[in-house]
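This is run_36.csv (CSV, C-alpha atoms).
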chain,number,residue,atom,x,y,z
A,297,MET,CA,124.9,89.8,60.8
A,298,PRO,CA,128.7,90.2,60.5
A,299,PRO,CA,130.7,87.1,59.4
A,300,ASN,CA,132.4,86.9,62.8
A,301,PRO,CA,129.8,88.3,65.3
A,302,PRO,CA,130.9,89.0,68.9
A,303,ARG,CA,129.7,86.6,71.5
A,304,ILE,CA,126.7,87.4,73.6
A,305,SER,CA,127.5,87.1,77.3
A,306,GLN,CA,126.6,83.9,79.1
A,307,ARG,CA,125.1,85.8,82.0
A,308,SER,CA,122.4,87.2,79.7
A,309,GLN,CA,121.2,83.7,78.8
A,310,ILE,CA,118.6,83.5,81.5
A,311,ALA,CA,115.1,82.1,81.5
A,312,SER,CA,112.2,84.3,80.4
A,313,PHE,CA,109.6,85.6,82.8
A,314,ILE,CA,106.8,83.4,81.5
A,315,ALA,CA,104.0,85.6,82.8
A,316,MET,CA,105.3,88.4,80.7
A,317,ASP,CA,105.5,86.2,77.7
A,318,VAL,CA,101.9,85.2,78.2
A,319,MET,CA,100.9,88.8,78.5
A,320,ARG,CA,102.7,89.7,75.3
A,321,GLU,CA,100.9,86.9,73.4
A,322,ALA,CA,97.6,87.7,75.0
A,323,LYS,CA,97.9,91.4,74.0
A,324,ASN,CA,98.9,90.4,70.4
A,325,LEU,CA,95.7,88.3,70.2
A,326,GLY,CA,93.7,91.2,71.6
A,327,ARG,CA,95.1,93.6,69.0
A,328,ALA,CA,94.1,91.0,66.4
A,329,GLY,CA,90.5,91.3,67.6
A,330,LYS,CA,90.2,88.3,70.0
A,331,GLY,CA,88.5,89.1,73.3
A,332,ILE,CA,90.9,88.2,76.1
A,333,VAL,CA,90.3,88.1,79.8
A,334,HIS,CA,93.6,88.9,81.5
A,335,LEU,CA,94.3,86.9,84.6
A,336,GLU,CA,98.0,86.4,84.0
A,337,VAL,CA,100.0,89.3,85.4
A,338,GLY,CA,100.0,90.5,89.0
A,339,GLU,CA,99.0,94.1,88.2
A,340,PRO,CA,96.2,96.1,89.8
A,341,GLY,CA,93.4,96.9,87.3
A,342,ALA,CA,92.5,100.1,89.1
A,343,PRO,CA,94.2,103.4,88.2
A,344,SER,CA,96.7,105.0,90.5
A,345,PRO,CA,95.0,106.9,93.3
A,346,ARG,CA,93.8,110.5,92.6
A,347,PRO,CA,96.3,112.1,95.1
A,348,VAL,CA,99.2,110.3,93.2
A,349,ARG,CA,98.1,111.6,89.8
A,350,GLU,CA,97.4,115.1,91.1
A,351,ALA,CA,100.9,115.3,92.7
A,352,ALA,CA,102.5,114.2,89.4
A,353,ILE,CA,100.5,116.8,87.4
A,354,LYS,CA,101.5,119.6,89.9
A,355,ALA,CA,105.2,118.6,89.6
A,356,LEU,CA,105.0,118.6,85.8
A,357,GLU,CA,103.4,122.0,85.7
A,358,ALA,CA,106.1,123.3,88.1
A,359,GLY,CA,108.7,122.7,85.3
A,360,ARG,CA,112.0,121.2,86.0
A,361,ILE,CA,112.2,117.4,86.5
A,362,ALA,CA,115.7,116.8,87.8
A,363,TYR,CA,117.9,114.2,89.4
A,364,THR,CA,117.5,113.6,93.1
A,365,GLU,CA,119.8,112.1,95.7
A,366,ALA,CA,120.6,108.5,94.9
A,367,LEU,CA,118.9,107.3,98.1
A,368,GLY,CA,115.8,109.2,97.3
A,369,LEU,CA,114.0,112.5,98.1
A,370,PRO,CA,114.3,113.1,101.9
A,371,ALA,CA,110.6,113.9,102.0
A,372,LEU,CA,109.8,110.4,100.6
A,373,ARG,CA,112.2,108.6,102.9
A,374,GLU,CA,110.5,110.4,105.8
A,375,ALA,CA,107.0,109.4,104.5
A,376,ILE,CA,108.1,105.8,104.2
A,377,ALA,CA,109.5,105.8,107.8
A,378,GLY,CA,106.2,107.3,109.0
A,379,HIS,CA,104.3,104.5,107.2
A,380,TYR,CA,106.1,101.9,109.3
A,381,LYS,CA,105.1,103.7,112.5
A,382,THR,CA,101.4,104.0,111.3
A,383,ARG,CA,101.0,100.5,109.9
A,384,HIS,CA,103.4,98.4,112.0
A,385,GLY,CA,104.1,100.5,115.1
A,386,LEU,CA,107.8,100.4,114.3
A,387,ASP,CA,110.2,103.3,114.7
A,388,VAL,CA,112.4,103.2,111.6
A,389,PRO,CA,114.7,106.2,111.0
A,390,ALA,CA,114.5,107.7,107.5
A,391,SER,CA,118.3,107.3,107.3
A,392,ARG,CA,117.7,103.5,106.8
A,393,ILE,CA,115.4,103.9,103.8
A,394,VAL,CA,116.6,103.5,100.2
A,395,VAL,CA,114.3,104.5,97.4
A,396,THR,CA,114.5,102.1,94.4
A,397,THR,CA,113.3,101.6,90.9
A,398,GLY,CA,110.5,99.3,91.9
A,399,SER,CA,111.2,96.2,94.0
A,400,SER,CA,113.2,94.9,91.1
A,401,GLY,CA,115.8,97.6,91.5
A,402,GLY,CA,115.7,96.9,95.2
A,403,PHE,CA,116.5,93.2,94.7
A,404,ILE,CA,119.4,94.0,92.4
A,405,LEU,CA,120.9,96.5,95.0
A,406,SER,CA,120.4,94.0,97.8
A,407,PHE,CA,121.9,91.0,96.0
A,408,LEU,CA,124.9,93.0,94.8
A,409,THR,CA,125.5,94.4,98.3
A,410,LEU,CA,125.0,91.2,100.3
A,411,MET,CA,126.7,88.6,98.2
A,412,ASP,CA,129.8,88.1,96.1
A,413,HIS,CA,129.8,86.3,92.7
A,414,GLY,CA,129.4,82.6,93.5
A,415,GLY,CA,127.3,83.3,96.7
A,416,ARG,CA,124.4,81.2,97.7
A,417,ILE,CA,120.9,82.3,98.7
A,418,GLY,CA,117.9,80.1,99.7
A,419,ILE,CA,114.6,81.1,98.0
A,420,PRO,CA,111.2,79.5,98.3
A,421,SER,CA,109.7,77.2,95.7
A,422,PRO,CA,107.2,77.9,94.4
A,423,GLY,CA,108.3,81.5,94.3
A,424,TYR,CA,108.7,84.6,92.2
A,425,PRO,CA,110.7,83.7,89.1
A,426,ALA,CA,112.6,87.0,88.7
A,427,TYR,CA,114.5,86.1,92.0
A,428,ARG,CA,116.0,83.1,90.3
A,429,ASN,CA,116.6,84.8,87.0
A,430,ILE,CA,118.2,88.0,88.4
A,431,LEU,CA,120.4,85.9,90.7
A,432,SER,CA,121.5,83.8,87.7
A,433,ALA,CA,122.5,87.0,85.7
A,434,LEU,CA,124.5,88.2,88.7
A,435,GLY,CA,126.4,84.9,89.1
A,436,ILE,CA,124.8,84.1,92.5
A,437,GLU,CA,123.4,80.6,93.1
A,438,ALA,CA,119.6,80.4,93.9
A,439,VAL,CA,119.1,77.5,96.2
A,440,GLU,CA,115.4,76.6,95.7
A,441,ILE,CA,113.9,75.2,98.9
A,442,GLU,CA,110.7,73.3,98.1
A,443,THR,CA,107.7,74.1,100.3
A,444,GLY,CA,104.6,71.9,100.7
A,445,ALA,CA,101.4,71.2,102.6
A,446,ALA,CA,103.2,70.5,105.9
A,447,SER,CA,104.3,74.2,106.1
A,448,ARG,CA,101.2,75.5,104.3
A,449,PHE,CA,103.5,76.2,101.4
A,450,ALA,CA,105.5,78.8,103.3
A,451,LEU,CA,109.3,78.7,103.9
A,452,SER,CA,110.1,77.6,107.4
A,453,ALA,CA,113.0,78.1,109.8
A,454,ALA,CA,113.6,74.3,109.9
A,455,ALA,CA,113.8,74.1,106.1
A,456,ILE,CA,116.3,76.9,106.0
A,457,GLU,CA,118.5,75.3,108.7
A,458,THR,CA,118.4,72.0,106.8
A,459,ALA,CA,119.5,73.7,103.5
A,460,HIS,CA,122.2,75.6,105.3
A,461,ARG,CA,123.5,72.4,106.9
A,462,GLU,CA,123.7,70.6,103.6
A,463,LYS,CA,125.8,73.5,102.1
A,464,LYS,CA,126.4,76.9,103.6
A,465,LEU,CA,124.0,79.7,102.6
A,466,ASP,CA,125.0,83.4,102.5
A,467,ALA,CA,121.5,84.6,102.6
A,468,VAL,CA,117.8,83.6,102.6
A,469,LEU,CA,114.8,85.3,101.0
A,470,ILE,CA,111.2,85.0,102.3
A,471,MET,CA,108.0,86.5,100.9
A,472,SER,CA,104.7,87.0,102.7
A,473,PRO,CA,102.1,87.2,101.4
A,474,ALA,CA,103.7,85.2,98.7
A,475,ASN,CA,103.7,85.2,94.9
A,476,PRO,CA,102.4,82.9,93.3
A,477,THR,CA,100.5,81.3,96.2
A,478,GLY,CA,99.1,84.1,98.2
A,479,VAL,CA,100.1,82.2,101.4
A,480,LEU,CA,100.9,84.2,104.5
A,481,THR,CA,103.8,83.3,106.8
A,482,PRO,CA,102.7,83.5,110.4
A,483,ALA,CA,104.4,86.1,112.6
A,484,SER,CA,105.7,83.3,114.8
A,485,GLU,CA,107.5,81.7,111.9
A,486,VAL,CA,108.9,85.0,110.6
A,487,ARG,CA,110.3,85.5,114.1
A,488,ALA,CA,111.8,81.9,114.0
A,489,ILE,CA,113.3,82.6,110.6
A,490,ALA,CA,114.9,85.9,111.8
A,491,GLU,CA,116.3,84.2,114.9
A,492,THR,CA,117.6,81.3,112.8
A,493,CYS,CA,119.3,83.6,110.3
A,494,ALA,CA,120.9,85.6,113.2
A,495,ARG,CA,122.2,82.4,114.8
A,496,LEU,CA,123.6,81.0,111.5
A,497,GLY,CA,125.2,84.3,110.5
A,498,ILE,CA,123.3,84.6,107.2
A,499,TRP,CA,121.4,87.6,105.7
A,500,LEU,CA,117.6,87.7,105.8
A,501,VAL,CA,115.9,89.4,102.9
A,502,SER,CA,112.1,89.8,103.4
A,503,ASP,CA,110.0,90.6,100.3
A,504,GLU,CA,107.0,92.5,101.7
A,505,ILE,CA,105.6,94.0,98.5
A,506,TYR,CA,102.1,92.5,99.1
A,507,HIS,CA,101.8,94.0,102.6
A,508,GLY,CA,98.4,95.7,102.9
A,509,LEU,CA,96.8,93.0,100.8
A,510,THR,CA,95.9,90.4,103.5
A,511,TYR,CA,92.5,88.8,104.0
A,512,GLU,CA,93.2,85.9,106.4
A,513,GLY,CA,95.7,86.2,109.3
A,514,GLU,CA,97.9,89.1,110.1
A,515,GLU,CA,101.0,90.1,108.2
A,516,ALA,CA,104.2,90.7,110.1
A,517,SER,CA,107.3,92.6,108.9
A,518,ALA,CA,110.6,91.0,109.6
A,519,LEU,CA,111.7,94.4,110.9
A,520,ALA,CA,109.7,93.6,114.0
A,521,PHE,CA,112.1,90.8,114.8
A,522,SER,CA,115.4,91.9,113.3
A,523,ASP,CA,117.2,95.2,112.7
A,524,ASP,CA,119.6,93.4,110.5
A,525,ALA,CA,117.0,92.2,108.0
A,526,VAL,CA,116.8,93.7,104.5
A,527,ILE,CA,113.2,94.6,103.7
A,528,VAL,CA,112.0,95.0,100.1
A,529,ASN,CA,108.8,96.8,99.4
A,530,SER,CA,107.1,98.6,96.6
A,531,PHE,CA,104.4,101.1,95.6
A,532,SER,CA,103.3,98.8,92.8
A,533,LYS,CA,100.8,96.4,94.4
A,534,TYR,CA,98.8,97.9,97.3
A,535,PHE,CA,99.4,101.4,96.1
A,536,CYS,CA,98.4,100.6,92.5
A,537,MET,CA,101.6,102.2,91.0
A,538,THR,CA,103.1,99.4,88.8
A,539,GLY,CA,104.1,101.6,85.9
A,540,TRP,CA,105.7,104.3,88.1
A,541,ARG,CA,108.5,101.9,88.9
A,542,ILE,CA,109.2,102.9,92.4
A,543,GLY,CA,109.9,100.9,95.6
A,544,TRP,CA,112.0,101.0,98.7
A,545,LEU,CA,114.3,99.1,101.0
A,546,VAL,CA,114.8,99.2,104.7
A,547,VAL,CA,118.4,98.2,105.5
A,548,PRO,CA,120.8,98.3,108.4
A,549,GLU,CA,122.8,101.5,108.7
A,550,ARG,CA,126.0,99.8,107.6
A,551,LEU,CA,124.6,99.0,104.2
A,552,ILE,CA,123.5,102.5,103.4
A,553,ARG,CA,126.7,103.8,102.0
A,554,PRO,CA,127.5,100.7,99.8
A,555,MET,CA,124.0,100.8,98.4
A,556,GLU,CA,124.2,104.6,97.8
A,557,CYS,CA,127.4,104.1,95.8
A,558,LEU,CA,125.8,101.3,93.7
A,559,ALA,CA,122.7,103.3,93.1
A,560,GLN,CA,124.7,106.4,92.1
A,561,ASN,CA,126.4,104.4,89.4
A,562,LEU,CA,123.5,102.1,88.3
A,563,ALA,CA,120.7,104.6,88.0
A,564,ILE,CA,121.9,108.0,89.4
A,565,SER,CA,118.5,108.4,90.9
A,566,VAL,CA,115.0,107.1,90.9
A,567,PRO,CA,112.7,109.2,88.6
A,568,TYR,CA,111.8,112.5,90.3
A,569,LEU,CA,108.2,112.4,89.1
A,570,SER,CA,107.6,109.0,90.6
A,571,GLN,CA,109.0,110.0,93.9
A,572,VAL,CA,106.8,113.1,94.2
A,573,ALA,CA,103.8,111.0,93.3
A,574,ALA,CA,104.7,108.3,95.8
A,575,ILE,CA,104.7,110.8,98.7
A,576,ALA,CA,101.1,111.4,97.9
A,577,ALA,CA,100.2,107.7,97.9
A,578,PHE,CA,100.2,107.7,101.7
A,579,ASP,CA,97.2,110.2,101.6
A,580,ALA,CA,95.1,107.8,99.5
A,581,THR,CA,94.2,105.1,102.1
A,582,GLU,CA,90.4,105.4,101.7
A,583,GLU,CA,90.6,105.0,97.9
A,584,LEU,CA,93.1,102.1,98.2
A,585,GLU,CA,91.0,100.3,100.8
A,586,ALA,CA,88.1,100.5,98.5
A,587,ILE,CA,90.2,98.8,95.8
A,588,LYS,CA,91.3,96.1,98.2
A,589,ALA,CA,87.6,95.5,99.0
A,590,GLY,CA,87.1,94.7,95.3
A,591,TYR,CA,90.0,92.2,95.4
A,592,ALA,CA,88.3,90.6,98.4
A,593,ARG,CA,85.1,90.2,96.4
A,594,ASN,CA,87.0,88.7,93.5
A,595,ARG,CA,88.8,86.3,95.9
A,596,ALA,CA,85.5,85.2,97.4
A,597,ALA,CA,84.1,84.5,93.9
A,598,LEU,CA,87.1,82.4,92.9
A,599,MET,CA,87.2,80.5,96.3
A,600,GLU,CA,83.6,79.4,95.6
A,601,ALA,CA,84.0,78.7,91.9
A,602,LEU,CA,87.4,77.1,91.5
A,603,PRO,CA,87.0,73.9,93.6
A,604,ALA,CA,83.8,73.0,91.8
A,605,LEU,CA,85.8,73.2,88.5
A,606,GLY,CA,88.5,70.9,89.7
A,607,LEU,CA,91.0,73.7,90.2
A,608,THR,CA,91.9,73.4,93.8
A,609,PRO,CA,93.7,76.6,95.1
A,610,LEU,CA,96.3,76.8,97.8
A,611,PRO,CA,95.3,79.0,100.8
A,612,MET,CA,94.4,82.4,99.5
A,613,ASP,CA,95.6,84.4,102.5
A,614,GLY,CA,96.8,87.5,100.7
A,615,ALA,CA,98.2,89.2,97.6
A,616,PHE,CA,95.8,88.7,94.7
A,617,TYR,CA,96.5,85.2,93.4
A,618,ALA,CA,94.9,81.8,93.2
A,619,TYR,CA,97.5,79.1,92.7
A,620,CYS,CA,95.6,76.1,91.5
A,621,ASP,CA,96.3,72.4,91.2
A,622,ILE,CA,95.2,71.4,87.7
A,623,GLY,CA,95.9,67.6,88.2
A,624,ARG,CA,92.3,66.7,87.6
A,625,HIS,CA,92.6,68.2,84.0
A,626,SER,CA,96.2,68.1,83.0
A,627,ASN,CA,99.8,67.3,84.0
A,628,ASP,CA,101.2,70.0,81.6
A,629,SER,CA,100.6,73.5,82.9
A,630,MET,CA,102.3,75.1,79.8
A,631,GLN,CA,99.9,73.3,77.4
A,632,PHE,CA,96.9,73.9,79.7
A,633,SER,CA,97.6,77.6,79.8
A,634,LYS,CA,98.2,77.8,76.0
A,635,LYS,CA,94.9,76.1,75.3
A,636,ALA,CA,93.1,78.3,77.8
A,637,LEU,CA,94.4,81.3,75.9
A,638,HIS,CA,93.6,80.2,72.4
A,639,GLU,CA,90.4,78.2,73.1
A,640,ALA,CA,88.8,80.2,75.9
A,641,GLY,CA,90.4,83.6,75.6
A,642,LEU,CA,91.7,83.3,79.1
A,643,ALA,CA,95.3,84.5,79.9
A,644,ILE,CA,96.7,82.5,82.9
A,645,THR,CA,100.2,81.8,84.0
A,646,PRO,CA,101.6,78.2,84.0
A,647,GLY,CA,103.1,77.1,87.3
A,648,LEU,CA,106.5,76.2,85.7
A,649,ASP,CA,107.2,79.9,85.9
A,650,PHE,CA,107.3,79.6,89.7
A,651,ASP,CA,108.3,76.0,90.4
A,652,ARG,CA,110.5,73.9,88.1
A,653,GLN,CA,109.8,70.7,90.1
A,654,GLU,CA,106.1,70.7,90.7
A,655,GLY,CA,104.9,73.6,88.6
A,656,HIS,CA,103.8,71.3,85.7
A,657,ARG,CA,100.6,70.7,87.7
A,658,TYR,CA,99.7,74.2,88.8
A,659,VAL,CA,98.5,77.5,87.2
A,660,ARG,CA,98.3,81.0,88.7
A,661,LEU,CA,95.3,83.2,88.3
A,662,SER,CA,95.5,86.9,89.2
A,663,TYR,CA,92.3,88.5,90.6
A,664,ALA,CA,93.7,92.0,90.7
A,665,GLY,CA,91.5,93.1,87.7
A,666,SER,CA,87.9,94.3,87.7
A,667,GLU,CA,85.1,92.3,89.2
A,668,SER,CA,83.5,92.0,85.8
A,669,ASP,CA,86.7,90.4,84.5
A,670,ILE,CA,86.6,87.8,87.3
A,671,VAL,CA,82.9,87.1,86.6
A,672,GLU,CA,83.6,86.7,82.9
A,673,GLY,CA,86.8,84.6,83.6
A,674,ILE,CA,84.8,82.2,85.8
A,675,ARG,CA,82.1,81.9,83.1
A,676,ARG,CA,84.7,81.1,80.4
A,677,LEU,CA,86.4,78.5,82.7
A,678,LYS,CA,83.1,76.8,83.3
A,679,ALA,CA,82.3,76.7,79.6
A,680,TRP,CA,85.8,75.6,78.6
A,681,LEU,CA,86.2,72.9,81.3
A,682,GLY,CA,82.7,71.6,80.7

Could you express the structure from this file as structure tokens?
Amino acid sequence: MPPNPPRISQRSQIASFIAMDVMREAKNLGRAGKGIVHLEVGEPGAPSPRPVREAAIKALEAGRIAYTEALGLPALREAIAGHYKTRHGLDVPASRIVVTTGSSGGFILSFLTLMDHGGRIGIPSPGYPAYRNILSALGIEAVEIETGAASRFALSAAAIETAHREKKLDAVLIMSPANPTGVLTPASEVRAIAETCARLGIWLVSDEIYHGLTYEGEEASALAFSDDAVIVNSFSKYFCMTGWRIGWLVVPERLIRPMECLAQNLAISVPYLSQVAAIAAFDATEELEAIKAGYARNRAALMEALPALGLTPLPMDGAFYAYCDIGRHSNDSMQFSKKALHEAGLAITPGLDFDRQEGHRYVRLSYAGSESDIVEGIRRLKAWLG
């Protein structure tokens, strides 16, 4: 290190994504020969669908892999628009679609477009930690709105209005089905939130990356209630394409050009190969529904086993998570998770990743892996917890 090293920027000093830290430690233990059951990261255990892989191979064999338009391949934007017609019965013009480098790239584009430095956005707690961390790096204040049993751990229109009354919000972000809880926000509440945001003059960002993975209730897109909402979605979860790093936004027309300029400069374009593969994902419904049926079996096994082990899960409506109260065993989710990893060979994520107030008494288990992993995970939990 030089005698007078340059200073690292303050904005880079953000919290780690604990689930990723757990995964790194678990994989290091695995490489050292310890058998680990991975329940920590929200990643499908199944391979990407066959049509996706075949489309990528065909594109590679064709030769040139080049830049695309910053907003994405027109054919992919049309396919995404068609998906909204097929799944939700909504007419969304392809001109309102922005292809992104996963939902993460979509959040960065959205936050930069919707809010200035020093802006304020309401986010649910418990909630996805990267929201908070990305916002911190961008100089935007994440206003965490605690949810609880009264609202089935979903953000409500009333809670948003209360937070806005205390100090003005510029935007609010909702997620349904939610990470880490798996809780679904009812369509009636999504409508109420959209109407509240319109009345208060604040942006609504709706994270819908777990759409397609609902087991109880019916998922609703905020697009059904507001043309001004910003919708974030991804090919990572339902479509089993995490490593391809491709997602999309649906935005009002007036946001397209600002986002295009940002995308041109931040990334030039989303990788061509991933875009070609993503077009084919919409032809893989039968394969993807079979994978979802496996998640449903994993979910059923955990719903039966966890309460008997003193790990009470929140409502497991969708996604592929069990967010469990560990109060019967511990009041320190970080220590509980570390002991589970080293003593039982179980990688799970402490709740402090998702909720800085109450997360000390929760852990998250992902059931997106194989059925054999879930069976073995339950066996190890039973043995470890006695």

Which residues of range 364-429 of chain A sit at most 10 Å from range 453-471 of chain A, using all atoms listed in the file? Give each one's shortest atom pair and distance in Å (one decimal place), in chain and ascending residue order, as JSON lines.
{"residue": "A:Phe407", "atom": "CA", "partner": "A:Ala467", "partner_atom": "CA", "distance": 9.2}
{"residue": "A:Leu410", "atom": "CA", "partner": "A:Ala467", "partner_atom": "CA", "distance": 7.8}
{"residue": "A:Met411", "atom": "CA", "partner": "A:Asp466", "partner_atom": "CA", "distance": 7.0}
{"residue": "A:Asp412", "atom": "CA", "partner": "A:Asp466", "partner_atom": "CA", "distance": 9.3}
{"residue": "A:Gly415", "atom": "CA", "partner": "A:Asp466", "partner_atom": "CA", "distance": 6.2}
{"residue": "A:Arg416", "atom": "CA", "partner": "A:Leu465", "partner_atom": "CA", "distance": 5.1}
{"residue": "A:Ile417", "atom": "CA", "partner": "A:Ala467", "partner_atom": "CA", "distance": 4.6}
{"residue": "A:Gly418", "atom": "CA", "partner": "A:Val468", "partner_atom": "CA", "distance": 4.5}
{"residue": "A:Ile419", "atom": "CA", "partner": "A:Leu469", "partner_atom": "CA", "distance": 5.2}
{"residue": "A:Pro420", "atom": "CA", "partner": "A:Ile470", "partner_atom": "CA", "distance": 6.8}
{"residue": "A:Gly423", "atom": "CA", "partner": "A:Met471", "partner_atom": "CA", "distance": 8.3}
{"residue": "A:Tyr424", "atom": "CA", "partner": "A:Met471", "partner_atom": "CA", "distance": 8.9}
{"residue": "A:Tyr427", "atom": "CA", "partner": "A:Leu469", "partner_atom": "CA", "distance": 9.0}

List as JSON, numbers by chain the residues having at least one atom at most 12 Å from position (103.9, 84.6, 91.8) as given in the file, counting only C-alpha atoms. {"A": [313, 314, 315, 316, 336, 337, 338, 339, 420, 421, 422, 423, 424, 425, 426, 427, 471, 472, 473, 474, 475, 476, 477, 478, 479, 505, 506, 614, 615, 616, 617, 618, 619, 620, 644, 645, 646, 647, 648, 649, 650, 651, 655, 658, 659, 660, 661, 662]}

Give the answer as one residue: which of A:Arg541, A:Arg675, A:Lys323, A:His656 has the shortest atom-to-atom distance to Ala597 in chain A, using all atoms listed in the file? A:Arg675

Work out how far apart CA of Pro347 in chain A and CA of Thr581 in chain A are and give it in Å to one decimal. 10.1 Å

Please indicate the distance in Å from CA of Tyr511 in chain A to CA of Leu598 in chain A, rounded to one decimal place. 13.9 Å

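The spacing separating CA of Pro611 in chain A from CA of Leu480 in chain A amounts to 8.5 Å.
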
Env of range 382-398 of chain A: 10 Å cut, atoms = all atoms listed in the file, seq-sep filter 4 positions within chain, self excluded. Answer as a short mmCIF file (atom, residue, chain, number, x, y, z; two decimals) with C-alpha atoms, in the coordinates of the input.
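The file below, out.cif, is the result:
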data_model
loop_
_atom_site.label_atom_id
_atom_site.label_comp_id
_atom_site.auth_asym_id
_atom_site.auth_seq_id
_atom_site.Cartn_x
_atom_site.Cartn_y
_atom_site.Cartn_z
CA GLU A 365 119.80 112.10 95.70
CA ALA A 366 120.60 108.50 94.90
CA LEU A 367 118.90 107.30 98.10
CA GLY A 368 115.80 109.20 97.30
CA LEU A 369 114.00 112.50 98.10
CA PRO A 370 114.30 113.10 101.90
CA ALA A 371 110.60 113.90 102.00
CA LEU A 372 109.80 110.40 100.60
CA ARG A 373 112.20 108.60 102.90
CA GLU A 374 110.50 110.40 105.80
CA ALA A 375 107.00 109.40 104.50
CA ILE A 376 108.10 105.80 104.20
CA ALA A 377 109.50 105.80 107.80
CA GLY A 378 106.20 107.30 109.00
CA GLY A 402 115.70 96.90 95.20
CA PHE A 403 116.50 93.20 94.70
CA ILE A 404 119.40 94.00 92.40
CA LEU A 405 120.90 96.50 95.00
CA ILE A 505 105.60 94.00 98.50
CA HIS A 507 101.80 94.00 102.60
CA GLY A 508 98.40 95.70 102.90
CA GLU A 515 101.00 90.10 108.20
CA ALA A 516 104.20 90.70 110.10
CA SER A 517 107.30 92.60 108.90
CA LEU A 519 111.70 94.40 110.90
CA ALA A 520 109.70 93.60 114.00
CA ASP A 523 117.20 95.20 112.70
CA ILE A 527 113.20 94.60 103.70
CA VAL A 528 112.00 95.00 100.10
CA ASN A 529 108.80 96.80 99.40
CA SER A 530 107.10 98.60 96.60
CA PHE A 531 104.40 101.10 95.60
CA SER A 532 103.30 98.80 92.80
CA MET A 537 101.60 102.20 91.00
CA THR A 538 103.10 99.40 88.80
CA GLY A 539 104.10 101.60 85.90
CA TRP A 540 105.70 104.30 88.10
CA ARG A 541 108.50 101.90 88.90
CA ILE A 542 109.20 102.90 92.40
CA GLY A 543 109.90 100.90 95.60
CA TRP A 544 112.00 101.00 98.70
CA LEU A 545 114.30 99.10 101.00
CA VAL A 546 114.80 99.20 104.70
CA VAL A 547 118.40 98.20 105.50
CA PRO A 548 120.80 98.30 108.40
CA GLU A 549 122.80 101.50 108.70
CA ARG A 550 126.00 99.80 107.60
CA LEU A 551 124.60 99.00 104.20
CA ILE A 552 123.50 102.50 103.40
CA MET A 555 124.00 100.80 98.40
CA GLU A 556 124.20 104.60 97.80
CA ALA A 559 122.70 103.30 93.10
CA ALA A 563 120.70 104.60 88.00
CA SER A 565 118.50 108.40 90.90
CA VAL A 566 115.00 107.10 90.90
CA PRO A 567 112.70 109.20 88.60
CA SER A 570 107.60 109.00 90.60
CA GLN A 571 109.00 110.00 93.90
#

I'd like to know which of A:Leu610, A:Leu325, A:Val318, A:Tyr534 is closest to Glu504 in chain A, using only C-alpha atoms. A:Tyr534

Point out the residue among A:Asp613, A:Pro343, A:Asn561, A:Ala577 with the least atom-to-atom distance to Leu509 in chain A, counting all atoms listed in the file. A:Asp613

Among A:Glu583, A:Leu408, A:Ser452, A:Trp680, Leu558 in chain A is approached most closely, using all atoms listed in the file, by A:Leu408

Within 12 Å of (96.9, 68.4, 84.0), in the coordinates the file gives, what residues turn up when you count all atoms listed in the file, written out as a list in words? Gly606, Leu607, Cys620, Asp621, Ile622, Gly623, Arg624, His625, Ser626, Asn627, Asp628, Ser629, Met630, Gln631, Phe632, Ser633, Lys635, Pro646, Gly647, Glu654, Gly655, His656, Arg657, Tyr658, Val659 and Leu681 of chain A

So, counting all atoms listed in the file, which residue among A:Gly673, A:Gly665, A:Gly414, A:Gly497 is closest to Gly641 in chain A? A:Gly673

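You can rank A:Ile441, A:Ile498, A:Val572, A:Leu335 by their closest distance to Arg676 in chain A using all atoms listed in the file, and at the top of that list sits A:Leu335.
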